[in-house]
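Listing of work_22.txt, compact mmCIF, C-alpha atoms
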```txt
# COMPACT_ATOMS: atom_id res chain seq x y z
CA MET M 16 80.26 -134.10 69.03
CA ALA M 17 82.73 -136.93 68.43
CA PHE M 18 86.18 -135.59 67.71
CA GLU M 19 87.84 -137.84 65.13
CA ASN M 20 90.07 -135.31 63.35
CA ILE M 21 92.63 -134.08 65.85
CA GLY M 22 95.41 -131.55 65.30
CA TYR M 23 98.66 -131.28 67.20
CA ILE M 24 101.07 -128.35 67.05
CA GLY M 25 104.48 -128.81 68.65
CA LEU M 26 106.38 -132.10 68.62
CA GLY M 27 108.88 -131.49 71.39
CA ILE M 28 109.83 -133.69 74.31
CA MET M 29 106.23 -133.68 75.56
CA GLY M 30 104.32 -133.10 72.34
CA TYR M 31 105.75 -135.99 70.34
CA PRO M 32 104.56 -138.78 72.68
CA MET M 33 101.18 -137.07 73.22
CA ALA M 34 100.56 -136.85 69.49
CA LEU M 35 101.68 -140.45 69.15
CA ASN M 36 99.13 -141.56 71.76
CA LEU M 37 96.37 -139.85 69.77
CA VAL M 38 97.43 -141.77 66.66
CA LYS M 39 97.52 -145.03 68.61
CA ALA M 40 93.96 -144.32 69.77
CA GLY M 41 92.83 -144.40 66.16
CA LYS M 42 92.30 -140.69 65.60
CA ASN M 43 93.00 -138.92 62.32
CA VAL M 44 95.92 -136.76 63.42
CA THR M 45 97.37 -133.76 61.57
CA VAL M 46 100.58 -132.23 62.94
CA TRP M 47 102.76 -129.20 62.52
CA THR M 48 106.00 -128.25 64.21
CA LYS M 49 108.62 -125.64 63.44
CA ASP M 50 111.05 -128.36 62.38
CA THR M 51 109.42 -129.40 59.08
CA ASP M 52 111.57 -132.51 58.73
CA LYS M 53 110.52 -133.68 62.20
CA ALA M 54 106.84 -133.29 61.31
CA LYS M 55 107.32 -135.24 58.08
CA ARG M 56 109.25 -137.94 59.92
CA PHE M 57 106.47 -138.24 62.51
CA ALA M 58 103.90 -138.54 59.73
CA LYS M 59 105.90 -141.21 57.93
CA GLU M 60 106.44 -143.24 61.09
CA THR M 61 102.87 -143.04 62.40
CA GLY M 62 100.55 -142.56 59.43
CA ALA M 63 99.59 -139.06 60.61
CA ARG M 64 99.44 -136.13 58.19
CA ALA M 65 101.99 -133.30 58.26
CA ALA M 66 100.59 -129.86 57.44
CA GLU M 67 102.51 -126.93 55.98
CA THR M 68 101.25 -124.30 58.46
CA PRO M 69 99.32 -124.02 61.74
CA ARG M 70 96.46 -122.61 59.67
CA ALA M 71 96.39 -125.76 57.55
CA VAL M 72 96.21 -127.91 60.68
CA ALA M 73 93.26 -125.87 61.98
CA GLU M 74 91.42 -126.17 58.67
CA ALA M 75 91.74 -129.97 58.72
CA VAL M 76 90.59 -130.74 62.27
CA ASP M 77 87.84 -130.23 64.86
CA LEU M 78 90.04 -130.24 67.98
CA LEU M 79 93.55 -128.83 68.07
CA PHE M 80 96.17 -129.25 70.80
CA VAL M 81 99.00 -126.73 71.04
CA CYS M 82 102.15 -127.61 72.97
CA VAL M 83 104.91 -125.04 72.42
CA GLY M 84 107.72 -123.64 74.52
CA ASP M 85 106.67 -120.17 75.57
CA THR M 86 104.17 -117.32 75.32
CA TRP M 87 105.68 -115.84 72.15
CA MET M 88 105.51 -119.19 70.35
CA ALA M 89 101.87 -119.66 71.35
CA GLU M 90 100.97 -116.20 70.03
CA GLU M 91 102.84 -116.91 66.81
CA VAL M 92 101.11 -120.20 65.96
CA LEU M 93 97.67 -119.08 67.12
CA LEU M 94 97.49 -115.42 66.09
CA GLY M 95 100.38 -114.91 63.66
CA LYS M 96 100.53 -115.08 59.86
CA ASP M 97 99.14 -118.42 58.64
CA GLY M 98 98.23 -119.18 62.23
CA VAL M 99 95.12 -120.80 63.65
CA LEU M 100 93.19 -117.50 63.72
CA ASP M 101 93.65 -117.12 59.96
CA SER M 102 91.76 -120.37 59.41
CA GLY M 103 88.49 -118.77 60.55
CA LYS M 104 87.37 -122.32 61.42
CA ARG M 105 84.05 -121.76 63.21
CA GLY M 106 83.42 -124.25 66.00
CA LEU M 107 87.05 -125.39 66.18
CA VAL M 108 88.22 -126.14 69.73
CA VAL M 109 91.79 -125.17 70.59
CA ALA M 110 93.34 -126.59 73.75
CA ASP M 111 96.60 -124.83 74.61
CA ILE M 112 98.55 -127.21 76.81
CA SER M 113 101.68 -125.06 76.82
CA SER M 114 102.68 -123.07 79.91
CA ILE M 115 102.25 -119.39 79.05
CA SER M 116 101.21 -116.09 80.62
CA PRO M 117 97.66 -116.24 82.05
CA ASP M 118 96.98 -112.72 80.75
CA THR M 119 98.13 -113.64 77.26
CA SER M 120 95.99 -116.79 77.28
CA ARG M 121 92.96 -114.59 77.98
CA GLU M 122 93.91 -112.27 75.13
CA ILE M 123 94.38 -115.20 72.76
CA GLY M 124 91.02 -116.62 73.79
CA ALA M 125 89.27 -113.31 73.15
CA ARG M 126 90.84 -112.99 69.68
CA LEU M 127 89.90 -116.54 68.70
CA GLN M 128 86.37 -116.13 70.02
CA GLN M 129 85.84 -113.26 67.57
CA LYS M 130 85.94 -115.91 64.84
CA GLU M 131 83.88 -118.37 66.92
CA ILE M 132 86.90 -120.53 67.70
CA HIS M 133 86.73 -121.98 71.22
CA TYR M 134 89.86 -121.81 73.38
CA LEU M 135 90.85 -123.68 76.53
CA ASP M 136 94.02 -123.04 78.49
CA ALA M 137 94.95 -126.53 79.67
CA PRO M 138 98.58 -126.86 80.78
CA CYS M 139 99.72 -130.23 82.04
CA THR M 140 102.19 -131.80 84.42
CA GLY M 141 103.80 -135.21 84.49
CA SER M 142 106.96 -134.66 82.43
CA LYS M 143 108.15 -136.89 79.60
CA VAL M 144 107.23 -140.15 81.34
CA GLY M 145 103.65 -139.00 81.86
CA ALA M 146 103.40 -137.92 78.24
CA GLU M 147 104.65 -141.32 77.06
CA LYS M 148 102.33 -143.30 79.34
CA GLY M 149 99.31 -141.05 78.86
CA THR M 150 99.08 -140.32 82.59
CA LEU M 151 99.41 -136.52 82.58
CA THR M 152 97.47 -134.22 84.89
CA PHE M 153 95.72 -131.25 83.27
CA MET M 154 94.66 -127.91 84.77
CA VAL M 155 91.91 -126.39 82.64
CA GLY M 156 90.49 -122.91 82.27
CA GLY M 157 87.76 -121.76 79.91
CA ASN M 158 84.21 -122.71 79.04
CA ALA M 159 83.17 -125.70 81.18
CA GLU M 160 80.81 -127.10 78.55
CA VAL M 161 83.52 -127.02 75.88
CA PHE M 162 85.89 -128.80 78.24
CA GLU M 163 83.34 -131.52 79.01
CA ARG M 164 82.91 -132.17 75.27
CA THR M 165 86.66 -132.55 74.80
CA LYS M 166 87.29 -134.56 77.98
CA PRO M 167 87.16 -137.99 76.25
CA ILE M 168 90.03 -136.89 73.99
CA PHE M 169 91.98 -135.47 76.93
CA GLY M 170 91.53 -138.93 78.41
CA LEU M 171 93.68 -140.39 75.64
CA ILE M 172 96.71 -138.39 76.82
CA GLY M 173 96.02 -137.87 80.53
CA LYS M 174 94.39 -139.36 83.61
CA GLN M 175 93.68 -136.48 86.01
CA PHE M 176 91.75 -133.31 85.14
CA HIS M 177 91.16 -130.27 87.31
CA TYR M 178 88.73 -127.66 86.02
CA CYS M 179 89.98 -124.37 87.49
CA GLY M 180 87.36 -121.92 86.22
CA GLU M 181 87.41 -119.11 83.71
CA LEU M 182 89.97 -118.68 80.96
CA GLY M 183 93.51 -118.13 82.24
CA LEU M 184 93.07 -119.99 85.51
CA GLY M 185 94.53 -123.21 84.18
CA MET M 186 97.72 -121.30 83.42
CA GLN M 187 97.60 -119.58 86.81
CA ALA M 188 97.39 -122.96 88.55
CA LYS M 189 100.29 -124.35 86.49
CA LEU M 190 102.58 -121.46 87.42
CA ALA M 191 101.79 -121.97 91.10
CA LEU M 192 102.44 -125.69 90.79
CA ASN M 193 105.79 -125.27 89.09
CA LEU M 194 107.11 -122.63 91.46
CA ILE M 195 106.24 -124.93 94.38
CA GLN M 196 108.06 -127.85 92.73
CA ALA M 197 111.10 -125.72 91.91
CA ASP M 198 111.30 -124.24 95.40
CA MET M 199 110.88 -127.67 97.01
CA LEU M 200 113.73 -128.97 94.87
CA GLN M 201 116.02 -126.16 95.94
CA ALA M 202 115.20 -126.90 99.60
CA PHE M 203 116.10 -130.54 98.94
CA ASN M 204 119.36 -129.47 97.27
CA GLU M 205 120.45 -127.42 100.27
CA GLY M 206 119.44 -130.14 102.73
CA ILE M 207 121.08 -133.04 100.91
CA ILE M 208 124.32 -131.09 100.48
CA LEU M 209 124.31 -130.15 104.18
CA ALA M 210 123.77 -133.77 105.17
CA ALA M 211 126.29 -135.24 102.73
CA LYS M 212 129.04 -132.70 103.44
CA GLY M 213 128.52 -133.38 107.13
CA GLY M 214 129.10 -137.09 106.57
CA VAL M 215 125.64 -138.62 106.03
CA ASN M 216 125.37 -141.01 103.09
CA PRO M 217 123.19 -139.26 100.45
CA GLN M 218 121.06 -142.35 99.80
CA THR M 219 120.49 -142.78 103.52
CA MET M 220 119.36 -139.17 103.72
CA LEU M 221 117.02 -139.66 100.77
CA ASN M 222 115.56 -142.74 102.49
CA ILE M 223 114.97 -140.66 105.62
CA LEU M 224 113.18 -137.98 103.60
CA ASN M 225 111.00 -140.59 101.91
CA ASP M 226 110.02 -141.95 105.35
CA SER M 227 109.09 -138.54 106.72
CA GLY M 228 106.78 -135.58 106.22
CA ALA M 229 109.25 -134.26 103.63
CA LYS M 230 108.35 -137.04 101.21
CA SER M 231 107.08 -135.76 97.86
CA GLY M 232 107.20 -136.57 94.19
CA VAL M 233 109.91 -133.95 93.76
CA VAL M 234 112.12 -135.37 96.52
CA THR M 235 111.58 -138.99 95.48
CA GLY M 236 112.00 -138.43 91.74
CA LYS M 237 114.32 -135.49 91.24
CA GLY M 238 116.25 -136.17 94.43
CA ALA M 239 117.14 -139.66 93.31
CA LYS M 240 118.24 -138.37 89.91
CA ALA M 241 120.46 -135.74 91.51
CA ILE M 242 122.19 -138.32 93.70
CA GLN M 243 122.68 -140.61 90.70
CA ARG M 244 123.97 -137.64 88.64
CA ASP M 245 121.39 -138.51 86.00
CA PHE M 246 120.17 -135.28 84.44
CA THR M 247 118.51 -136.84 81.40
CA THR M 248 115.84 -134.37 80.39
CA GLN M 249 112.29 -134.96 81.52
CA PHE M 250 111.54 -131.24 81.95
CA SER M 251 114.37 -128.88 81.10
CA THR M 252 116.00 -126.16 83.19
CA LYS M 253 115.18 -123.49 80.60
CA TRP M 254 111.46 -124.24 80.62
CA MET M 255 111.24 -124.32 84.40
CA LEU M 256 113.07 -120.99 84.51
CA LYS M 257 110.54 -119.64 82.03
CA ASP M 258 107.70 -120.70 84.33
CA LEU M 259 109.37 -119.20 87.41
CA THR M 260 109.77 -115.94 85.54
CA LEU M 261 106.10 -115.96 84.52
CA ALA M 262 105.12 -116.71 88.13
CA LEU M 263 107.14 -113.77 89.39
CA GLU M 264 105.59 -111.50 86.77
CA SER M 265 102.13 -112.64 87.86
CA ALA M 266 103.07 -112.12 91.52
CA LYS M 267 104.11 -108.54 90.78
CA LYS M 268 100.74 -107.80 89.18
CA LEU M 269 98.86 -109.42 92.06
CA SER M 270 101.08 -107.95 94.84
CA VAL M 271 102.12 -111.38 96.10
CA ALA M 272 105.44 -111.62 97.97
CA MET M 273 107.62 -114.48 96.66
CA PRO M 274 111.14 -114.02 98.13
CA MET M 275 112.05 -117.72 97.96
CA THR M 276 111.09 -117.96 94.32
CA ALA M 277 112.97 -114.77 93.46
CA VAL M 278 116.19 -116.20 94.89
CA ASN M 279 115.57 -119.59 93.30
CA GLN M 280 115.15 -117.93 89.91
CA GLN M 281 118.78 -116.81 90.22
CA MET M 282 119.88 -120.39 90.93
CA PHE M 283 118.20 -121.40 87.69
CA HIS M 284 119.96 -118.57 85.87
CA ALA M 285 123.29 -119.80 87.28
CA THR M 286 122.52 -123.35 86.10
CA MET M 287 121.68 -122.04 82.64
CA ALA M 288 124.92 -120.05 82.51
CA ALA M 289 126.89 -123.18 83.42
CA GLY M 290 125.58 -124.94 80.31
CA ASP M 291 122.64 -126.95 81.65
CA ALA M 292 119.80 -125.12 79.89
CA ASP M 293 118.62 -128.30 78.16
CA SER M 294 119.37 -130.67 81.03
CA ASP M 295 116.62 -131.74 83.39
CA PHE M 296 115.90 -129.11 86.00
CA ALA M 297 117.21 -131.50 88.66
CA SER M 298 120.58 -130.20 87.48
CA ILE M 299 120.10 -127.00 89.51
CA ILE M 300 121.74 -128.85 92.40
CA LYS M 301 125.02 -128.07 90.65
CA ALA M 302 124.68 -124.34 91.36
CA THR M 303 124.40 -124.90 95.12
CA GLU M 304 127.19 -127.49 94.97
CA ALA M 305 129.46 -124.95 93.29
CA LEU M 306 128.76 -122.40 96.03
CA SER M 307 129.36 -125.08 98.67
CA ASN M 308 132.52 -126.54 97.09
CA PHE M 309 131.02 -130.01 97.40
CA GLU M 310 129.42 -132.51 95.03
CA VAL M 311 126.80 -134.99 96.20
CA LYS M 312 127.52 -138.51 95.01
CA GLY M 313 125.45 -141.63 95.57
```
For this file, produce the structure as structure tokens.
Amino acid sequence: MAFENIGYIGLGIMGYPMALNLVKAGKNVTVWTKDTDKAKRFAKETGARAAETPRAVAEAVDLLFVCVGDTWMAEEVLLGKDGVLDSGKRGLVVADISSISPDTSREIGARLQQKEIHYLDAPCTGSKVGAEKGTLTFMVGGNAEVFERTKPIFGLIGKQFHYCGELGLGMQAKLALNLIQADMLQAFNEGIILAAKGGVNPQTMLNILNDSGAKSGVVTGKGAKAIQRDFTTQFSTKWMLKDLTLALESAKKLSVAMPMTAVNQQMFHATMAAGDADSDFASIIKATEALSNFEVKG
């Protein structure tokens, strides 16, 4: 089946450029977002169609991407009043690329399947830059055959795809990924502050890290931003905190010990309380700086 009519729900920092890439690829795109004016503006600028409700999007398309902030929002647009479920669109494929609870994604999938609507949990990573360039990495759970049919469309917004297994496992993989990234960043924060307060030039220390086994995308990318004091949002503090909280909830259910992540969650709470909820999550260095009475400067 060739998917020509594509829906997109959620035009946030990630969703807007992804939807734009679908339009640029020549697809007939229908969008909805909570901010009605934003949806209309997107439609006017791109030639896409703005729908009045999530249900209306579902009725107009064959493949629907959902990219919203949290579990509650996903439930609302998919299962709520005038949501996707109300469309009863048999054969519709829904790909939820938000980061939500794995258990809830399974529940959503079961509810949609009752009306013969296919559901994939397919969260992504790559931040704003990846969304703009179409180079995102997706972790996918759900029916493998349905995923294979949709893969050419995923290829318009991403480059790497990892099929994780049954429904919910894409979300499980994403939570694990984000807690690792967040914990690695906190380790970097502590190390760079220790080095800099002891007299090592921060850029020199970053160069050392990038020439060692500590090199990683987190250290190279977020570390450089922290030193430059550039906290322009690529992936916000509040959304990373949401994912850490979901990871800890999952760990409790699975009896997995995560002491580092539990402490790091509090550093994110402190960063939020200091007013950096919407800043990039690289801004969590400020919480450790405050405790250390020292600010790292490049």
message = Between M:Lys240, M:Phe203, M:His133, M:Phe169, which residue has the minimum interatomic distance to M:Leu224, considering only C-alpha atoms?
response =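 For M:Leu224, the nearest of the candidates is M:Phe203.
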request  = Could you check which of M:Gly157, M:Gly41, M:Gly141, M:Gly103 is closest to M:Met186, using only C-alpha atoms?
outcome  =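 Closest residue, counting only C-alpha atoms: M:Gly157.
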request  = Have a look at M:Glu160, M:Met154, M:Phe283, M:Leu94 and name the one nearest to M:Gln128; count only C-alpha atoms.
outcome  = M:Leu94
inquiry  = For a test of reading the model, state the distance in Å between atom CA of M:Glu60 and atom CA of M:Val81, rounded to one decimal.
reply    = 20.7 Å
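Summary of the local environment: counting all atoms listed in the file, residues at most 7 Å from stretch 29-35 of chain M, other than itself and those fewer than 2 positions away along its chain, are Tyr23, Gly25, Leu26, Gly27, Leu37, Val38, Lys39, Cys82, Ser142, Lys143, Ala146, Glu147 and Ile172 of chain M.
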Please determine an axis-aligned box that encloses all atoms of stretch 197-209 of chain M listed in the file, with 4 Å added on each side, and express its centre and edge lengths in Å to one decimal as JSON.
```
{"center_x": 117.6, "center_y": -128.6, "center_z": 98.0, "size_x": 21.4, "size_y": 16.8, "size_z": 20.3}
```
So that I can see what lies close to M:Phe246, please list as a PDB file with C-alpha atoms, in the frame of the given file the residues with an atom at most 9 Å from it, counting all atoms listed in the file and leaving out residues fewer than 2 positions away in the same chain.
```pdb
ATOM      1  CA  LYS M 237     114.320-135.490  91.240  1.00  0.00           C
ATOM      2  CA  LYS M 240     118.240-138.370  89.910  1.00  0.00           C
ATOM      3  CA  ALA M 241     120.460-135.740  91.510  1.00  0.00           C
ATOM      4  CA  GLN M 243     122.680-140.610  90.700  1.00  0.00           C
ATOM      5  CA  ARG M 244     123.970-137.640  88.640  1.00  0.00           C
ATOM      6  CA  THR M 248     115.840-134.370  80.390  1.00  0.00           C
ATOM      7  CA  GLN M 249     112.290-134.960  81.520  1.00  0.00           C
ATOM      8  CA  SER M 294     119.370-130.670  81.030  1.00  0.00           C
ATOM      9  CA  ASP M 295     116.620-131.740  83.390  1.00  0.00           C
ATOM     10  CA  PHE M 296     115.900-129.110  86.000  1.00  0.00           C
ATOM     11  CA  ALA M 297     117.210-131.500  88.660  1.00  0.00           C
ATOM     12  CA  SER M 298     120.580-130.200  87.480  1.00  0.00           C
TER      13      SER M 298
END
```
task = Mind giving me the straight-line distance from atom CA of M:Gly228 to atom CA of M:Asn193 in Å, one decimal?
result =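 Atom-to-atom, atom CA of M:Gly228 to atom CA of M:Asn193, that is 20.0 Å.
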request  = Can you work out the spacing between atom CA of M:Ser102 and atom CA of M:Phe57 in Å, to one decimal?
outcome  =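 Taking atom CA of M:Ser102 and atom CA of M:Phe57, their separation equals 23.4 Å.
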ask   = So which residues touch M:Leu221 within 12 Å, counting all atoms listed in the file, skipping near sequence neighbours fewer than 6 positions away, as a ChimeraX atom specification?
value = /M:203-204,206-208,210-211,215,227,229-231,233-243,311,313
